[in-house]
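Novice: Just dropping this structure here.
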Amino acid sequence: MTRRRAGWAAGALALLALALLVDLLRPLPAAWFAPHQTRRVVDRDGGVLVERPLPDRGHELWVELDQVAPVAVDALLASEDHRFYAHLGVDPRAVARASWASLRAGRAVQGGSTLTQQLARLLAGRPPGLPGKVVEAWRALKLEAHLDKREILTWYLDRAYFGRGSYGIEAAARRVFDESAASLSPAEAALLVGLLPAPERLHPEVSRKRAREARDRVLERMVTLGSLSAEAAARARAEPIELRRRATEQLAPHLVARVLDEAPGDAVIRTTIDPALQRRVEDLVRRQLADLASYQVDHAAVLVVDVASSEVLAYVGSGGFDRDAGQVDAVRALRSPGSALKPFVYALALEDGVRPGDLVLDLPARYATTHGSWAPENYSRDHRGPLRVREALATSANLPAVGMLQRVGVATLQDRLLAMGFSLPEAATHYGLGLALGDAEVRLEDLVGGYAALARDGRWLPLRLTRDAPRPRPVAAFPPDVARVIADVLADPVARAPAFGRYGPLERPYPAAVKTGTSTGYRDNWTVGFTDRYVVGVWVGNFDNRPMGDVSGVTGAGPLWAAVMDAVTGGEAGPLRAPAGWVRHRTCALSGGAAGPSCPHTVDDWAPASEPERPPCAWHRPGTCRVDWPPELVGWARENGRLGGEGCAVTGDVAIAYPPGGTVLYVDPRLPADAQRVPLRADAPASATVQWQVDGEAVGDSAPGVAALWEPRRVGSHRIAVLLDGVVRDEVTVEILGAPR
């Protein structure tokens with residue numbers, strides 16, 4: 001070689017050496033170290049609810065080297081690279097030994113790759129053939145130049161594949177032994193390390209025999225290299241291979257599925273779930289569904305929310321993720337709410353000046369709607385006449401609620417519900433006045449969020465499922481005083497008693513506001529309520545829309561609501577707050593006016609202190625025990641035999657008992673006239689004396705239990721009238737035949 005060519009060669013080698021040095025010192029590619037951890041969903045305490053493998057990685061859990069049992073590191077070094085601390089990424093001795101063994105066998109029978117080379121392959125892959133080996137070796141040198149030995153071991157143990165979808169020794173330890181890598185015994189560590197040459201073929205879930213043989217080879221190698229005593233190895237070989245893979249608990253499965261879908265890029269999703277409460281609620285749901293099995297009820301959902309933070313503490317989507325249709329999430333399913341929207345109707349009415357002591361009429365009514373004429377009915381199919389607003393809401397009377405919605409407007413209610421996150425996409429005319437009775441579809445989470453707003457002085461917040469969710473400013477859905485009055489009504493067991501009775505599941509030994517709802521045909525049943533700290537919402541029904549067997553709020557969702565509320569409160573709750581700036585006025589329990597001296601039954605109810613007192617009750621007359629009902633109530637009172645107050649007669653509640661209208665009477669002239677007098681009897685209050693007229697002429701009075709006698713004097717039609725205090729209360733027409741004297 002000429003001196004010139006030698007110079008060129010030397011220069012080229014120098015440039016190559018410089019290029020290699022520059023590449024060696026260049027920072028390692030960030031892509032090699034991109035995180036690939038398994039996605040975790042954890043509860044509010046950090047406990048794992050579920051671990052889900054990434055689509056292209058499987059289960060992978062990162063741990064630091066000091067979180068791995070030292071015996072596992074010893075097993076790895078003994079099996080894969082016992083000169084790990086002596087080489088710089090490539091071990092010439094191992095390469096020579098592997099090459100000689102392969103030459104003698106005529107095929108590749110032994111690998112000479114160090115742990116660092118294997119890590120390079122795990123991080124960046126490798127081209128095929130001999131060039132790939134060279135690239136891998138160079139990358140190993142680069143890793144050694146930039147990472148210390150502990151870092152290399154850490155990355156290897158967290159990225160190596162141990163079979164059955166487990167990447168990293170922590171994931172493998174949990175899958176095979178249901179324990180962490182930090183607590184591995186010599187036998188367990190040797191078994192996991194023994195899988196590395198052929199993870200799927202040697203895995204104990206595939207073949208325990210092959211797994212045991214691989215384990216024993218690692219133990220033997222450790223004894224040879226002095227990292228394990230012969231006695232310890234013998235004990236390890238004697239251990240049976242016990243797979244202790246734990247069945248997934250599937251706590252809060254519907255919530256887990258939801259947050260995984262809503263936060264696809266998050267490696268760790270921190271939910272707000274209280275694990276102990278979640279387990280308790282899931283157990284209560286299972287028990288209630290068992291109790292309701294004979295009522296054709298298959299599914300139930302429960303949501304528990306912290307009032308102050310709006311965090312969801314318990315989330316049960318169906319009461320059985322593995323049951324028929326159990327993966328449907330009823331927390332998010334659109335269902336008919338029945339009467340559960342009524343508190344929002346009355347809240348708007350309170351804003352409009354209505355007060356809980358005001359009078360509303362629970363009477364038959366018919367409404368003209370865009371869908372035709374509509375006559376709503378009460379759940380009980382009867383009517384209670386005059387009710388105070390408090391009673392109407394507490395007993396969930398349908399007709400007063402429809403009247404209230406007509407007053408405030410369907411569009412107004414829809415706008416307010418939309419502001420609180422409800423999904424009501426149609427025009428207000430589509431829902432009509434039936435919106436007060438559940439003629440729409442809402443979600444359990446919508447209802448719970450709305451009731452939480454009432455519990456939070458009218459301030460609505462979106463429900464928070466994760467601890468990292470944004471904290472938006474609250475929406476002022478209702479004035480604070482209105483929200484507190486509604487809560488006071490919903491927590492009133494006396495006002496609720498005529499429809500729900502006393503001491504049932506809705507009445508707790510602590511202050512709690514609660515409302516039920518049942519959809520048409522018993523397809524949905526709800527109970528939603530709150531204390532000063534918690535909101536609990538319950539739905540029961542069937543996802544295939546089959547009707548339940550006569551299940552109401554008290555028998556279906558109510559008992560489950562009570563059990564969950566007792567669990568979350570521990571049986572104790574603070575008082576619900578009184579409306580600021582409001583005072584309690586003495587009110588006539590029947591008329592809703594300010595109580596007068598003659599009102600036999602009075603109650604206290606809320607009204608703004610700045611508002612003038614309501615007009616005094618004009619129904620009860622001083623010195624008597626009578627009630628002057630308005631004309632629209634008189635007919636209803638007659639039909640239903642209603643009395644006002646305690647034993648007081650309803651004025652107008654007087655009817656002719658005999659003779660009935662249309663009666664034909666025959667007078668026989670052969671008989672004495674006084675023997676053919678017609679008795680006039682009236683149904684009237686016990687203390688009332690009524691007057692009788694025939695054809696406008698007075699014929700006498702009758703005291704309670706005594707009939708007046710009328711002597712007919714001509715044939716033909718006669719108009720008989722009964723009067724009370726000079727006012728005609730009832731009239732009938734009779735026909736006289738024969739020959740009166």
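In the structure tokens, the first chain shown is A, the next is B, and so on; residue numbers restart at 1 for each chain, and ligands run from 1 in the order shown.
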Can you tell me which residues surround stretch 281-283 of chain A at a distance of at most 7 Å, considering only C-alpha atoms, apart from same-chain residues fewer than 4 positions away, and format the answer as a compact mmCIF listing (two decimals) with C-alpha atoms, in the first residue's frame?
Specialist:
```txt
# COMPACT_ATOMS: atom_id res chain seq x y z
CA LEU A 277 -68.98 2.42 50.27
CA ARG A 287 -80.04 -7.92 48.15
CA VAL A 316 -73.78 1.11 40.40
CA GLY A 319 -76.62 -4.32 39.87
CA VAL A 564 -77.96 3.22 50.96
```
Novice: Compile the contact shell of A:Trp62 as a list of chain:residue names: residues with an atom at most 12 Å away, counting only C-alpha atoms, same-chain residues fewer than 4 positions apart removed.
Specialist: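 Here the answer would be A:Pro35, A:His36, A:Gln37, A:Thr38, A:Arg39, A:Arg40, A:Asp66, A:Gln67, A:Val68, A:Thr154, A:Trp155, A:Tyr156, A:Leu157, A:Asp158, A:Arg159, A:Ala160, A:Ser166, A:Tyr167, A:Gly168, A:Ile169, A:Glu170, A:Ala171, A:Ala172, A:Ser180, A:Ala181, A:Ala267.
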Novice: For those residues, write C-alpha atoms to a file as a short mmCIF file (atom, residue, chain, number, x, y, z; two decimals), in the first residue's frame.
Specialist:
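So again.cif came out as:
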```
data_model
loop_
_atom_site.label_atom_id
_atom_site.label_comp_id
_atom_site.auth_asym_id
_atom_site.auth_seq_id
_atom_site.Cartn_x
_atom_site.Cartn_y
_atom_site.Cartn_z
CA PRO A 35 -43.96 5.15 28.59
CA HIS A 36 -45.96 2.01 27.92
CA GLN A 37 -47.52 1.41 31.29
CA THR A 38 -50.76 -0.48 31.67
CA ARG A 39 -53.70 1.86 32.16
CA ARG A 40 -54.93 1.88 35.73
CA ASP A 66 -35.57 -1.46 44.95
CA GLN A 67 -39.20 -2.66 44.53
CA VAL A 68 -37.96 -5.98 43.14
CA THR A 154 -34.62 -1.44 36.00
CA TRP A 155 -35.55 -0.89 32.36
CA TYR A 156 -34.95 -4.53 31.53
CA LEU A 157 -37.05 -5.90 34.38
CA ASP A 158 -39.90 -3.51 33.50
CA ARG A 159 -39.83 -4.16 29.73
CA ALA A 160 -39.03 -7.87 29.43
CA SER A 166 -47.39 -9.64 31.04
CA TYR A 167 -44.64 -7.12 30.38
CA GLY A 168 -42.29 -6.54 33.29
CA ILE A 169 -41.65 -8.60 36.38
CA GLU A 170 -44.28 -6.76 38.45
CA ALA A 171 -47.08 -7.61 36.03
CA ALA A 172 -45.85 -11.20 35.82
CA SER A 180 -45.72 -7.91 44.03
CA ALA A 181 -42.23 -8.42 42.67
CA ALA A 267 -52.30 6.06 32.04
#
```
Novice: A:Arg533: which residues within 7 Å, counting only C-alpha atoms, same-chain residues fewer than 6 positions away excluded, as a PyMOL selection string?
Specialist: chain A and resi 306-308
Novice: Using the selection just defined, write its residues with C-alpha atoms as a tab-separated table (two decimals), in the first residue's frame.
Specialist:
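See again-v6.tsv below for the written result:
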```
chain	number	residue	atom	x	y	z
A	306	ASP	CA	-71.10	14.35	47.96
A	307	VAL	CA	-73.11	17.58	48.11
A	308	ALA	CA	-70.20	19.96	48.70
```
Novice: Skipping near chain neighbours, those fewer than 5 positions away, what residues fall within 6 Å of stretch 460-472 of chain A using only C-alpha atoms, listed as number ranges by chain?
Specialist: A: 270-272, 310-312, 453
Novice: Show me, as a PyMOL selection string, the residues that have an atom within 10 Å of stretch 673-676 of chain A when counting only C-alpha atoms, minus same-chain residues fewer than 2 positions from it.
Specialist: chain A and resi 665-671+678-679+709-713+740-741
Novice: Measuring between only C-alpha atoms, which one of A:Gly517, A:Leu251, A:Arg456, A:Ala211 shows the shortest distance to A:Ser396?
Specialist: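 Using only C-alpha atoms, the shortest distance to A:Ser396 belongs to A:Gly517.
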Novice: Could you pull the residues within 10 Å of A:Pro511, counting only C-alpha atoms, minus those fewer than 2 positions along the same chain, as a short mmCIF file (atom, residue, chain, number, x, y, z; two decimals) with all heavy atoms, in the first residue's frame?
Specialist:
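Output (out.cif):
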```
data_model
loop_
_atom_site.label_atom_id
_atom_site.label_comp_id
_atom_site.auth_asym_id
_atom_site.auth_seq_id
_atom_site.Cartn_x
_atom_site.Cartn_y
_atom_site.Cartn_z
N ALA A 487 -86.59 21.75 49.93
CA ALA A 487 -85.99 20.72 50.77
C ALA A 487 -86.81 20.50 52.04
O ALA A 487 -87.02 19.36 52.47
CB ALA A 487 -84.55 21.09 51.12
N ASP A 488 -87.30 21.60 52.62
CA ASP A 488 -88.11 21.50 53.83
C ASP A 488 -89.40 20.72 53.57
O ASP A 488 -89.82 19.88 54.37
CB ASP A 488 -88.44 22.90 54.34
CG ASP A 488 -89.26 22.88 55.62
OD1 ASP A 488 -88.69 22.60 56.68
OD2 ASP A 488 -90.49 23.12 55.54
N ALA A 491 -88.78 17.00 53.09
CA ALA A 491 -88.35 16.33 54.32
C ALA A 491 -89.46 16.29 55.37
O ALA A 491 -89.21 15.89 56.51
CB ALA A 491 -87.12 17.05 54.90
N ASP A 492 -90.69 16.67 54.99
CA ASP A 492 -91.80 16.77 55.94
C ASP A 492 -92.60 15.47 55.96
O ASP A 492 -93.40 15.20 55.07
CB ASP A 492 -92.71 17.94 55.52
CG ASP A 492 -93.81 18.21 56.55
OD1 ASP A 492 -94.06 17.36 57.42
OD2 ASP A 492 -94.43 19.29 56.46
N PRO A 493 -92.41 14.61 56.97
CA PRO A 493 -93.12 13.32 56.99
C PRO A 493 -94.61 13.47 57.23
O PRO A 493 -95.40 12.63 56.79
CB PRO A 493 -92.45 12.57 58.13
CG PRO A 493 -91.92 13.64 59.04
CD PRO A 493 -91.54 14.78 58.15
N GLU A 507 -89.02 7.80 55.50
CA GLU A 507 -88.85 8.56 56.74
C GLU A 507 -87.69 7.98 57.52
O GLU A 507 -87.77 6.89 58.08
CB GLU A 507 -90.13 8.52 57.57
CG GLU A 507 -90.09 9.43 58.78
CD GLU A 507 -91.44 9.54 59.47
OE1 GLU A 507 -92.45 9.09 58.89
OE2 GLU A 507 -91.49 10.10 60.59
N ARG A 508 -86.58 8.71 57.56
CA ARG A 508 -85.38 8.25 58.24
C ARG A 508 -85.30 8.88 59.63
O ARG A 508 -85.97 9.88 59.90
CB ARG A 508 -84.11 8.62 57.44
CG ARG A 508 -84.11 8.24 55.97
CD ARG A 508 -84.67 6.86 55.69
NE ARG A 508 -84.01 5.79 56.44
CZ ARG A 508 -84.65 4.71 56.87
NH1 ARG A 508 -85.94 4.55 56.66
NH2 ARG A 508 -83.98 3.79 57.53
N PRO A 509 -84.50 8.35 60.52
CA PRO A 509 -84.37 8.92 61.86
C PRO A 509 -83.47 10.16 61.89
O PRO A 509 -83.01 10.56 62.96
CB PRO A 509 -83.76 7.77 62.66
CG PRO A 509 -83.03 6.95 61.66
CD PRO A 509 -83.82 7.05 60.39
N ALA A 513 -84.50 14.93 52.83
CA ALA A 513 -85.50 15.28 51.82
C ALA A 513 -85.53 14.19 50.77
O ALA A 513 -84.48 13.72 50.34
CB ALA A 513 -85.16 16.63 51.19
N VAL A 514 -86.73 13.79 50.33
CA VAL A 514 -86.81 12.65 49.42
C VAL A 514 -88.05 12.75 48.55
O VAL A 514 -89.07 13.29 48.97
CB VAL A 514 -86.79 11.31 50.20
CG1 VAL A 514 -87.98 11.24 51.16
CG2 VAL A 514 -86.78 10.12 49.27
N PHE A 530 -81.81 13.63 49.67
CA PHE A 530 -80.53 14.15 50.16
C PHE A 530 -80.61 14.54 51.62
O PHE A 530 -81.69 14.79 52.17
CB PHE A 530 -80.08 15.35 49.32
CG PHE A 530 -81.10 16.47 49.22
CD1 PHE A 530 -81.17 17.47 50.18
CD2 PHE A 530 -81.99 16.53 48.15
CE1 PHE A 530 -82.09 18.50 50.09
CE2 PHE A 530 -82.92 17.55 48.04
CZ PHE A 530 -82.97 18.54 49.02
N THR A 531 -79.44 14.54 52.24
CA THR A 531 -79.24 15.12 53.57
C THR A 531 -78.41 16.38 53.39
O THR A 531 -78.24 16.88 52.28
CB THR A 531 -78.53 14.12 54.49
OG1 THR A 531 -77.20 13.90 53.99
CG2 THR A 531 -79.27 12.80 54.57
N ASP A 532 -77.88 16.88 54.49
CA ASP A 532 -77.04 18.07 54.38
C ASP A 532 -75.71 17.77 53.70
O ASP A 532 -75.04 18.70 53.24
CB ASP A 532 -76.78 18.65 55.77
CG ASP A 532 -76.09 17.65 56.71
OD1 ASP A 532 -76.39 16.44 56.61
OD2 ASP A 532 -75.25 18.07 57.52
N GLU A 572 -76.78 9.19 60.78
CA GLU A 572 -76.80 10.53 61.36
C GLU A 572 -76.66 11.57 60.26
O GLU A 572 -75.98 11.35 59.26
CB GLU A 572 -75.66 10.71 62.37
CG GLU A 572 -75.74 9.79 63.57
CD GLU A 572 -74.59 10.01 64.54
OE1 GLU A 572 -73.69 10.82 64.20
OE2 GLU A 572 -74.58 9.40 65.62
N ALA A 573 -77.33 12.71 60.45
CA ALA A 573 -77.23 13.82 59.50
C ALA A 573 -77.59 15.11 60.22
O ALA A 573 -78.37 15.10 61.19
CB ALA A 573 -78.14 13.60 58.29
N GLY A 574 -77.03 16.20 59.75
CA GLY A 574 -77.33 17.49 60.32
C GLY A 574 -78.67 18.02 59.83
O GLY A 574 -79.26 17.51 58.87
N PRO A 575 -79.19 19.05 60.47
CA PRO A 575 -80.48 19.62 60.03
C PRO A 575 -80.35 20.30 58.68
O PRO A 575 -79.30 20.83 58.32
CB PRO A 575 -80.79 20.62 61.14
CG PRO A 575 -79.45 21.00 61.71
CD PRO A 575 -78.61 19.77 61.61
N LEU A 576 -81.43 20.25 57.91
CA LEU A 576 -81.49 21.02 56.67
C LEU A 576 -81.68 22.48 57.01
O LEU A 576 -82.43 22.83 57.93
CB LEU A 576 -82.64 20.51 55.79
CG LEU A 576 -82.54 19.04 55.38
CD1 LEU A 576 -83.78 18.62 54.61
CD2 LEU A 576 -81.29 18.79 54.54
#
```
Novice: So, counting only C-alpha atoms, which residue among A:Ala411, A:His620, A:Pro597, A:Arg484 is closest to A:Pro425?
Specialist: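 Under the stated criterion, the closest residue is A:Ala411.
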Novice: Smallest atom-to-atom distance to A:Leu590: which of A:Ala563, A:Ala607, A:Ala618, A:Ala419, using only C-alpha atoms?
Specialist: A:Ala618
Novice: What's the 12 Å shell around A:Gly504, counting only C-alpha atoms, without same-chain residues fewer than 2 positions away, as a list of chain:residue names?
Specialist: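 So, after excluding close chain neighbours, the residues are A:Pro493, A:Arg496, A:Ala497, A:Ala499, A:Phe500, A:Gly501, A:Arg502, A:Leu506, A:Glu507, A:Arg508, A:Pro509, A:Gly553, A:Val554, A:Thr555, A:Gly558, A:Pro559, A:Trp561, A:Ala562, A:Ala563.
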Novice: Write a file of the selected residues as an mmCIF file, in the first residue's frame, keeping N, CA, C and O atoms.
Specialist:
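So selection39.cif came out as:
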```
data_model
loop_
_atom_site.group_PDB
_atom_site.id
_atom_site.type_symbol
_atom_site.label_atom_id
_atom_site.label_comp_id
_atom_site.auth_asym_id
_atom_site.auth_seq_id
_atom_site.Cartn_x
_atom_site.Cartn_y
_atom_site.Cartn_z
ATOM 1 N N PRO A 493 -92.410 14.613 56.973
ATOM 2 C CA PRO A 493 -93.123 13.323 56.990
ATOM 3 C C PRO A 493 -94.615 13.468 57.228
ATOM 4 O O PRO A 493 -95.396 12.627 56.787
ATOM 5 N N ARG A 496 -96.266 14.320 53.970
ATOM 6 C CA ARG A 496 -96.180 13.170 53.073
ATOM 7 C C ARG A 496 -97.125 12.045 53.479
ATOM 8 O O ARG A 496 -97.506 11.187 52.668
ATOM 9 N N ALA A 497 -97.549 12.021 54.744
ATOM 10 C CA ALA A 497 -98.258 10.877 55.312
ATOM 11 C C ALA A 497 -99.544 10.492 54.592
ATOM 12 O O ALA A 497 -99.806 9.285 54.437
ATOM 13 N N ALA A 499 -100.336 10.193 51.615
ATOM 14 C CA ALA A 499 -100.089 9.331 50.450
ATOM 15 C C ALA A 499 -99.132 8.189 50.759
ATOM 16 O O ALA A 499 -99.262 7.102 50.188
ATOM 17 N N PHE A 500 -98.168 8.406 51.648
ATOM 18 C CA PHE A 500 -97.109 7.417 51.868
ATOM 19 C C PHE A 500 -97.117 6.804 53.264
ATOM 20 O O PHE A 500 -96.345 5.887 53.527
ATOM 21 N N GLY A 501 -97.966 7.319 54.136
ATOM 22 C CA GLY A 501 -97.977 6.810 55.495
ATOM 23 C C GLY A 501 -96.783 7.309 56.295
ATOM 24 O O GLY A 501 -95.940 8.056 55.803
ATOM 25 N N ARG A 502 -96.730 6.901 57.544
ATOM 26 C CA ARG A 502 -95.635 7.292 58.423
ATOM 27 C C ARG A 502 -94.702 6.108 58.671
ATOM 28 O O ARG A 502 -95.093 4.958 58.625
ATOM 29 N N LEU A 506 -89.187 6.042 53.435
ATOM 30 C CA LEU A 506 -88.859 7.425 53.106
ATOM 31 C C LEU A 506 -88.606 8.272 54.349
ATOM 32 O O LEU A 506 -88.046 9.364 54.239
ATOM 33 N N GLU A 507 -89.019 7.801 55.501
ATOM 34 C CA GLU A 507 -88.849 8.562 56.738
ATOM 35 C C GLU A 507 -87.689 7.979 57.525
ATOM 36 O O GLU A 507 -87.772 6.892 58.085
ATOM 37 N N ARG A 508 -86.581 8.714 57.557
ATOM 38 C CA ARG A 508 -85.384 8.254 58.239
ATOM 39 C C ARG A 508 -85.304 8.884 59.635
ATOM 40 O O ARG A 508 -85.972 9.883 59.898
ATOM 41 N N PRO A 509 -84.502 8.346 60.517
ATOM 42 C CA PRO A 509 -84.372 8.922 61.858
ATOM 43 C C PRO A 509 -83.470 10.156 61.888
ATOM 44 O O PRO A 509 -83.012 10.557 62.961
ATOM 45 N N GLY A 553 -92.700 3.669 44.392
ATOM 46 C CA GLY A 553 -91.483 4.208 44.976
ATOM 47 C C GLY A 553 -91.228 3.717 46.386
ATOM 48 O O GLY A 553 -90.084 3.583 46.811
ATOM 49 N N VAL A 554 -92.297 3.431 47.123
ATOM 50 C CA VAL A 554 -92.138 2.993 48.502
ATOM 51 C C VAL A 554 -91.716 1.536 48.572
ATOM 52 O O VAL A 554 -90.985 1.126 49.478
ATOM 53 N N THR A 555 -92.141 0.728 47.604
ATOM 54 C CA THR A 555 -91.826 -0.698 47.660
ATOM 55 C C THR A 555 -90.647 -1.093 46.788
ATOM 56 O O THR A 555 -90.023 -2.124 47.020
ATOM 57 N N GLY A 558 -87.581 2.758 47.032
ATOM 58 C CA GLY A 558 -87.540 3.364 48.362
ATOM 59 C C GLY A 558 -86.725 2.599 49.379
ATOM 60 O O GLY A 558 -85.847 3.174 50.052
ATOM 61 N N PRO A 559 -86.962 1.294 49.563
ATOM 62 C CA PRO A 559 -86.167 0.563 50.553
ATOM 63 C C PRO A 559 -84.676 0.554 50.235
ATOM 64 O O PRO A 559 -83.845 0.637 51.151
ATOM 65 N N TRP A 561 -83.094 2.933 48.562
ATOM 66 C CA TRP A 561 -82.639 4.293 48.872
ATOM 67 C C TRP A 561 -82.376 4.440 50.368
ATOM 68 O O TRP A 561 -81.350 4.995 50.784
ATOM 69 N N ALA A 562 -83.299 3.949 51.186
ATOM 70 C CA ALA A 562 -83.151 4.073 52.637
ATOM 71 C C ALA A 562 -81.913 3.337 53.124
ATOM 72 O O ALA A 562 -81.149 3.857 53.949
ATOM 73 N N ALA A 563 -81.693 2.126 52.602
ATOM 74 C CA ALA A 563 -80.537 1.342 53.040
ATOM 75 C C ALA A 563 -79.236 2.018 52.639
ATOM 76 O O ALA A 563 -78.274 2.061 53.420
#
```
Novice: Find, counting only C-alpha atoms, the residue in A:Asp566, A:Asp291, A:Glu426, A:Asp605 that gets nearest to A:Gly529.
Specialist: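 The closest residue to A:Gly529 is A:Asp566.
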